>>> print(open('my_file20.txt').read())   # compact mmCIF, C-alpha atoms
# COMPACT_ATOMS: atom_id res chain seq x y z
CA MET F 251 -27.96 18.00 -34.80
CA SER F 252 -30.23 18.81 -31.89
CA ALA F 253 -32.71 16.24 -33.15
CA LEU F 254 -29.91 13.70 -33.19
CA ILE F 255 -28.99 14.55 -29.60
CA ALA F 256 -32.62 14.32 -28.55
CA ALA F 257 -32.95 10.95 -30.28
CA ALA F 258 -29.88 9.39 -28.68
CA THR F 259 -31.02 8.84 -25.12
CA PRO F 260 -28.65 6.68 -23.08
CA THR F 261 -30.16 3.28 -22.46
CA THR F 262 -29.30 0.88 -19.68
CA THR F 263 -26.85 -0.82 -22.02
CA TRP F 264 -24.75 2.33 -22.19
CA TYR F 265 -24.47 2.46 -18.42
CA MET F 266 -23.59 -1.24 -18.28
CA VAL F 267 -20.86 -0.78 -20.90
CA LEU F 268 -19.49 2.20 -18.98
CA ALA F 269 -19.43 0.04 -15.85
CA ALA F 270 -17.63 -2.71 -17.77
CA VAL F 271 -14.96 -0.27 -18.96
CA LEU F 272 -14.47 1.09 -15.44
CA PHE F 273 -14.20 -2.46 -14.10
CA GLY F 274 -11.58 -3.25 -16.74
CA ILE F 275 -9.56 -0.18 -15.80
CA GLY F 276 -9.66 -1.26 -12.16
CA THR F 277 -8.58 -4.78 -13.10
CA VAL F 278 -5.58 -3.52 -15.06
CA GLY F 279 -4.66 -1.25 -12.16
CA VAL F 280 -4.67 -4.09 -9.63
CA LEU F 281 -2.55 -6.21 -11.94
CA VAL F 282 -0.06 -3.51 -12.93
CA ARG F 283 0.55 -1.30 -9.91
CA ARG F 284 2.96 -2.26 -7.13
CA ASN F 285 1.98 0.23 -4.44
CA PRO F 286 -0.55 -1.45 -2.09
CA LEU F 287 -2.40 1.83 -1.54
CA VAL F 288 -2.93 2.37 -5.25
CA MET F 289 -4.02 -1.26 -5.63
CA PHE F 290 -6.64 -0.57 -2.96
CA MET F 291 -7.87 2.44 -4.93
CA CYS F 292 -8.21 0.23 -8.01
CA ILE F 293 -10.34 -2.20 -5.99
CA GLU F 294 -12.55 0.77 -5.11
CA LEU F 295 -12.83 1.49 -8.83
CA MET F 296 -14.06 -2.05 -9.45
CA LEU F 297 -16.58 -1.82 -6.59
CA ASN F 298 -17.88 1.44 -8.03
CA ALA F 299 -18.26 -0.14 -11.45
CA VAL F 300 -20.43 -2.85 -9.96
CA ASN F 301 -22.47 -0.26 -8.05
CA LEU F 302 -23.01 1.62 -11.29
CA SER F 303 -24.49 -1.40 -13.03
CA PHE F 304 -26.65 -2.23 -9.99
CA VAL F 305 -28.15 1.28 -9.96
CA ALA F 306 -28.71 1.30 -13.73
CA LEU F 307 -30.52 -2.04 -13.55
CA ALA F 308 -32.55 -0.93 -10.53
CA LYS F 309 -33.85 1.97 -12.60
CA ARG F 310 -34.46 -0.20 -15.64
CA LEU F 311 -36.24 -3.01 -13.81
CA GLY F 312 -38.13 -0.71 -11.43
CA ASP F 313 -36.82 -2.69 -8.46
CA ILE F 314 -35.42 -0.93 -5.41
CA GLY F 315 -33.50 -4.09 -4.43
CA GLY F 316 -30.59 -3.05 -6.64
CA GLN F 317 -30.14 0.16 -4.70
CA THR F 318 -30.35 -1.75 -1.42
CA THR F 319 -27.54 -3.97 -2.65
CA VAL F 320 -25.45 -0.90 -3.48
CA PHE F 321 -26.06 0.38 0.05
CA PHE F 322 -24.67 -2.83 1.54
CA VAL F 323 -21.76 -2.85 -0.91
CA MET F 324 -20.83 0.63 0.28
CA VAL F 325 -20.91 -0.46 3.93
CA VAL F 326 -18.74 -3.50 3.21
CA ALA F 327 -16.36 -1.36 1.13
CA ALA F 328 -15.94 1.06 4.03
CA ALA F 329 -15.17 -1.80 6.45
CA GLU F 330 -12.78 -3.33 3.93
CA VAL F 331 -10.90 -0.08 3.48
CA VAL F 332 -10.53 0.35 7.24
CA VAL F 333 -9.14 -3.17 7.73
CA GLY F 334 -6.96 -3.03 4.62
CA LEU F 335 -5.41 0.30 5.51
CA GLY F 336 -4.80 -1.00 9.04
CA ILE F 337 -2.89 -3.94 7.60
CA ILE F 338 -0.92 -1.67 5.27
CA VAL F 339 -0.02 0.71 8.10
CA SER F 340 1.20 -2.13 10.32
CA ILE F 341 3.30 -3.58 7.48
CA MET F 342 4.74 -0.24 6.45
CA ARG F 343 5.82 0.47 10.01
CA LYS F 344 8.14 -2.53 9.87
CA ARG F 345 9.29 -2.02 6.29
CA PRO F 346 9.02 1.57 5.08
CA GLY F 347 8.47 1.90 1.35
CA ALA F 348 7.55 -1.74 0.83
CA ASN F 349 5.69 -2.68 -2.32
CA VAL F 350 3.61 -5.81 -2.77
CA ASP F 351 6.53 -7.83 -4.14
CA ASP F 352 8.49 -7.28 -0.92
CA ILE F 353 5.69 -8.70 1.22
CA SER F 354 4.77 -11.64 -0.94
CA ALA F 355 6.21 -14.22 1.46
CA LEU F 356 3.86 -13.48 4.40
CA LYS F 357 6.66 -13.90 6.92
CA GLY F 358 6.14 -10.77 9.01
CA MET K 65 -30.35 16.24 -21.88
CA GLU K 66 -29.69 12.87 -20.33
CA LEU K 67 -27.16 12.33 -23.10
CA VAL K 68 -25.18 15.42 -22.07
CA VAL K 69 -25.19 14.32 -18.42
CA PHE K 70 -24.11 10.83 -19.43
CA VAL K 71 -21.28 12.05 -21.63
CA PHE K 72 -19.88 14.41 -19.01
CA ALA K 73 -20.20 11.88 -16.19
CA ALA K 74 -18.65 9.14 -18.31
CA ALA K 75 -15.75 11.44 -19.17
CA MET K 76 -15.23 12.19 -15.46
CA ILE K 77 -15.34 8.49 -14.60
CA LEU K 78 -12.98 7.34 -17.32
CA VAL K 79 -10.45 10.17 -16.92
CA GLY K 80 -10.43 9.60 -13.16
CA GLY K 81 -10.09 5.85 -13.54
CA LEU K 82 -7.20 6.17 -15.96
CA GLY K 83 -5.64 8.71 -13.62
CA VAL K 84 -5.73 6.24 -10.71
CA VAL K 85 -3.93 3.65 -12.80
CA LEU K 86 -1.47 5.84 -14.65
CA ARG K 87 -0.42 8.61 -12.25
CA SER K 88 2.81 7.73 -10.51
CA HIS K 89 2.18 9.95 -7.48
CA PRO K 90 -0.16 8.30 -4.91
CA VAL K 91 -1.77 11.63 -3.97
CA HIS K 92 -2.60 12.31 -7.61
CA ALA K 93 -4.09 8.83 -7.84
CA ALA K 94 -6.28 9.54 -4.80
CA LEU K 95 -7.45 12.84 -6.30
CA SER K 96 -8.27 11.06 -9.57
CA LEU K 97 -10.27 8.57 -7.51
CA ILE K 98 -12.33 11.51 -6.17
CA LEU K 99 -13.06 12.56 -9.77
CA THR K 100 -14.31 9.06 -10.57
CA LEU K 101 -16.44 8.90 -7.43
CA PHE K 102 -18.09 12.23 -8.23
CA GLY K 103 -18.81 11.03 -11.75
CA VAL K 104 -20.46 7.92 -10.34
CA ALA K 105 -22.50 10.14 -7.99
CA VAL K 106 -23.68 12.21 -10.97
CA ILE K 107 -24.85 9.04 -12.71
CA PHE K 108 -26.58 7.92 -9.50
CA VAL K 109 -28.57 11.18 -9.55
CA SER K 110 -29.49 10.74 -13.19
CA GLN K 111 -30.60 7.17 -12.43
CA GLU K 112 -32.86 8.42 -9.61
CA ALA K 113 -30.77 6.99 -6.78
CA HIS K 114 -30.65 10.25 -4.86
CA PHE K 115 -29.89 8.85 -1.43
CA LEU K 116 -27.08 6.71 -2.79
CA ALA K 117 -25.63 9.74 -4.59
CA ALA K 118 -25.50 11.62 -1.29
CA VAL K 119 -23.95 8.61 0.46
CA GLN K 120 -21.46 8.26 -2.39
CA VAL K 121 -20.24 11.83 -1.96
CA ILE K 122 -20.24 11.78 1.85
CA VAL K 123 -18.86 8.30 2.54
CA TYR K 124 -16.64 7.64 -0.48
CA ALA K 125 -15.33 11.05 -1.48
CA GLY K 126 -15.63 12.44 2.04
CA ALA K 127 -14.44 9.64 4.28
CA ILE K 128 -12.71 6.89 2.33
CA VAL K 129 -10.53 9.07 0.11
CA VAL K 130 -9.63 11.24 3.09
CA LEU K 131 -8.62 8.05 4.88
CA PHE K 132 -6.47 7.11 1.88
CA LEU K 133 -4.82 10.54 1.83
CA PHE K 134 -4.30 10.37 5.59
CA VAL K 135 -2.52 7.03 5.33
CA ILE K 136 -0.44 8.23 2.37
CA MET K 137 0.73 11.23 4.38
CA LEU K 138 1.18 9.18 7.58
CA LEU K 139 3.39 6.62 5.88
CA GLY K 140 5.34 9.27 4.01
CA VAL K 141 4.88 7.64 0.62
CA ASP K 142 3.67 10.90 -0.92
CA ARG K 143 6.42 11.03 -3.49
CA THR K 144 6.58 10.10 -7.12
CA GLU K 145 7.35 6.43 -7.48
CA ASP K 146 9.15 4.87 -10.38
CA ILE K 147 6.55 3.07 -12.46
CA LYS K 148 8.74 2.80 -15.53
CA THR K 149 10.67 -0.23 -14.34
CA GLU K 150 8.82 -3.49 -14.30
CA PRO K 151 10.37 -6.61 -12.77
CA PHE K 152 8.30 -9.01 -14.84
CA LYS K 153 8.44 -7.94 -18.45
CA ILE K 154 5.40 -9.96 -19.49
CA GLN K 155 3.10 -8.71 -16.75
CA ARG K 156 1.97 -5.40 -18.23
CA PRO K 157 1.03 -6.72 -21.68
CA LEU K 158 -0.77 -9.63 -20.01
CA ALA K 159 -2.59 -7.26 -17.65
CA VAL K 160 -3.74 -5.09 -20.55
CA ILE K 161 -4.90 -8.18 -22.43
CA VAL K 162 -6.81 -9.38 -19.36
CA GLY K 163 -8.39 -5.95 -18.89
CA LEU K 164 -9.46 -5.68 -22.52
CA GLY K 165 -10.75 -9.23 -22.35
CA VAL K 166 -12.87 -8.42 -19.29
CA ILE K 167 -14.24 -5.30 -20.97
CA GLY K 168 -14.95 -7.17 -24.21
CA LEU K 169 -16.62 -10.14 -22.57
CA VAL K 170 -18.83 -8.08 -20.25
CA THR K 171 -19.77 -5.74 -23.10
CA ALA K 172 -20.66 -8.67 -25.31
CA ALA K 173 -22.73 -10.22 -22.51
CA VAL K 174 -24.55 -6.93 -21.89
CA ILE K 175 -25.30 -6.36 -25.55
CA THR K 176 -26.52 -9.89 -26.19
CA SER K 177 -28.74 -9.81 -23.09
CA ARG K 178 -30.23 -6.40 -23.99
CA ASP K 179 -33.58 -7.88 -24.95
CA VAL K 180 -33.80 -9.98 -21.79
CA VAL K 181 -33.41 -6.87 -19.65
CA ALA K 182 -36.07 -5.07 -21.67
CA THR K 183 -38.68 -7.82 -21.38
CA ARG K 184 -38.10 -8.40 -17.67
CA GLY K 185 -38.42 -4.69 -17.03
CA ALA K 186 -41.78 -4.63 -18.75
CA GLY K 187 -42.90 -7.54 -16.60
CA ILE K 188 -42.68 -5.66 -13.30
CA ALA K 189 -46.04 -4.07 -12.69
CA GLU K 190 -45.36 -1.37 -10.14
CA PRO K 191 -43.48 1.59 -11.64
CA ALA K 192 -41.01 2.54 -8.95
CA MET K 193 -39.26 5.85 -8.38
CA THR K 194 -41.74 8.25 -9.91
CA ASP K 195 -42.34 10.54 -6.94
CA PRO K 196 -39.22 12.60 -6.08
CA ASP K 197 -39.46 11.71 -2.39
CA SER K 198 -40.17 8.09 -3.04
CA ASN K 199 -36.58 7.00 -3.52
CA ILE K 200 -35.49 7.35 0.08
CA ARG K 201 -38.83 6.03 1.31
CA GLN K 202 -38.62 2.92 -0.83
CA LEU K 203 -34.98 2.37 0.03
CA SER K 204 -35.65 2.63 3.76
CA ARG K 205 -38.62 0.25 3.48
CA SER K 206 -36.36 -2.19 1.68
CA VAL K 207 -33.39 -1.86 4.06
CA PHE K 208 -35.38 -1.88 7.30
CA GLY K 209 -38.06 -4.26 6.06
CA ASP K 210 -36.98 -6.96 3.69
CA TYR K 211 -33.28 -6.80 4.47
CA VAL K 212 -33.30 -5.93 8.16
CA VAL K 213 -31.34 -9.07 9.10
CA ALA K 214 -28.60 -8.15 6.65
CA PHE K 215 -28.62 -4.64 8.11
CA GLU K 216 -28.09 -5.98 11.62
CA VAL K 217 -25.31 -8.28 10.42
CA THR K 218 -23.73 -5.20 8.87
CA SER K 219 -23.45 -3.61 12.31
CA VAL K 220 -21.62 -6.73 13.54
CA LEU K 221 -19.30 -6.43 10.55
CA LEU K 222 -18.49 -2.81 11.35
CA VAL K 223 -17.75 -3.61 14.99
CA VAL K 224 -15.48 -6.48 13.93
CA ALA K 225 -13.69 -4.19 11.48
CA VAL K 226 -13.10 -1.49 14.07
CA VAL K 227 -11.86 -3.92 16.75
CA GLY K 228 -9.67 -5.74 14.24
CA THR K 229 -8.10 -2.53 13.00
CA VAL K 230 -7.33 -1.36 16.52
CA LEU K 231 -5.72 -4.72 17.30
CA LEU K 232 -3.74 -4.66 14.06
CA THR K 233 -2.30 -1.20 14.34
CA ARG K 234 -1.62 -0.80 18.05
CA LYS K 235 1.94 -1.18 19.20
CA VAL K 236 2.59 -4.06 21.57
CA LYS K 237 4.30 -2.80 24.69
CA PRO K 238 7.58 -4.60 25.39
CA THR K 239 6.62 -5.07 29.06
CA SER K 240 3.56 -7.16 28.25
CA LYS K 241 3.33 -10.78 29.29
CA GLU K 242 3.70 -12.10 25.75
CA SER K 243 7.22 -10.79 25.37
CA GLN K 244 8.52 -12.35 28.56
>>> encode(input="my_file20.txt", output="C-alpha cells")
Amino acid sequence: MSALIAAATPTTTWYMVLAAVLFGIGTVGVLVRRNPLVMFMCIELMLNAVNLSFVALAKRLGDIGGQTTVFFVMVVAAAEVVVGLGIIVSIMRKRPGANVDDISALKG
Amino acid sequence: MELVVFVFAAAMILVGGLGVVLRSHPVHAALSLILTLFGVAVIFVSQEAHFLAAVQVIVYAGAIVVLFLFVIMLLGVDRTEDIKTEPFKIQRPLAVIVGLGVIGLVTAAVITSRDVVATRGAGIAEPAMTDPDSNIRQLSRSVFGDYVVAFEVTSVLLVVAVVGTVLLTRKVKPTSKESQ
C-alpha cells in the first residue's frame, strides 16, 4: 500500500485535469446562478482554474513566465472585482434584490 | 507525500467549488470560495510558486473575498435565496451538459497532449526553481525585466479601475449642473 502511494506521484496531467474540473464547476455556476454576486464568485473560480494550470505548467516546463502570467491575472482579477462590485452596488441601490434577469434590458 | 498533498488540496478545491455553486446563501458561497482559494494556494506551494501562494492568500482570500462579504452585507442580500425555482426549465440541464462538455474536452486535450508537454519540458536546458529562494528572485527578474512594460500598464489599469469605481458608485447631488 505504501509502495503504491509512493509510486503514484501526481504528474502535471493530474493538475491540469483538476484545473479543468474546477473550470467546469465555475462554468456551470455562471450559467445556473441568478445572483450577480455569486456569478462573480464563479468567475473567480474559473480564473483560479486557469492560474492552477499556468503554475503547474511553469513547474513542468521550468519556465518562470507561467508564474509571471499568474501574477498579472491576479492583478487584473482584483481590478475586475472592484469594477464589477461597483456596478453591482450602483444597480442594487436602484433595485434592491435584483437578479440578473431583472437587469437584462440595460435600461437603467 | 506529494500525492497526499494533492489529494487533500484537490478535495478542498472541489468541495469549495461545489459549495460556491450549490449553496443558496451568498455568505456560505463566499466562505466556500475561501476554501477553494486556500486549496489553490496549497497547490501553488507544492508546485514551488511560493510568492504566488502568499499573494493568493493575501489578495484573494484576504482582500477580494472580504470585499465580496462587505458588498453582500452592504446590500443586505445575506439571506437564503430560493434556488429551487428556475424560470427556464431547460437551462439547468443545458448548463450541466455544457460544464461536463468543457471538462471532458479539456481533459481529453490534456491527456492527448501529455507527451508534447513532456518533450518540451525536457528541451529547456536551465532547470528553474531549485534553490528555495530562487522563486521570488526569478519572478521579480521576470516581472521587472522582461515584462516591465506590462507591469507599468497594470498600474494604469488599477488607476482606471479605482477612478471608474468611484464615479460609478458616488451619488450625484441633485443640485449639480446636470440635473438643471
>>> interface_residues(input="my_file20.txt", of="chain F", to="chain K", cutoff="8 Å", atoms="only C-alpha atoms", output="number ranges by chain")
F: 255-256, 258-260, 263, 266-268, 270-279, 281-283, 287-288, 291-292, 295, 298, 302, 305-306, 309-315, 317-318, 320-322, 325-326, 328-333, 335-337, 339-340, 342-343, 346-347
>>> residues_around(input="my_file20.txt", residues="Asn349 of chain F", least_positions_apart="3", cutoff="6 Å", atoms="all atoms listed in the file", output="list in words")
Arg284, Asn285 and Asp352 of chain F
>>> atom_distance(input="my_file20.txt", atom1="atom CA of Phe134 of chain K", atom2="atom CA of Thr149 of chain K")
27.1 Å
>>> atom_distance(input="my_file20.txt", atom1="atom CA of Ala73 of chain K", atom2="atom CA of Tyr265 of chain F")
10.6 Å
>>> atom_distance(input="my_file20.txt", atom1="atom CA of Met289 of chain F", atom2="atom CA of Thr144 of chain K")
15.6 Å
>>> closest_residue(input="my_file20.txt", among="K:Ala117, K:Val212, K:Met76, K:Ile98", to="Met324 of chain F", atoms="all atoms listed in the file")
K:Ala117
>>> closest_residue(input="my_file20.txt", among="K:Ile154, K:Val217, K:Leu95, K:Val180", to="Val130 of chain K", atoms="all atoms listed in the file")
K:Leu95
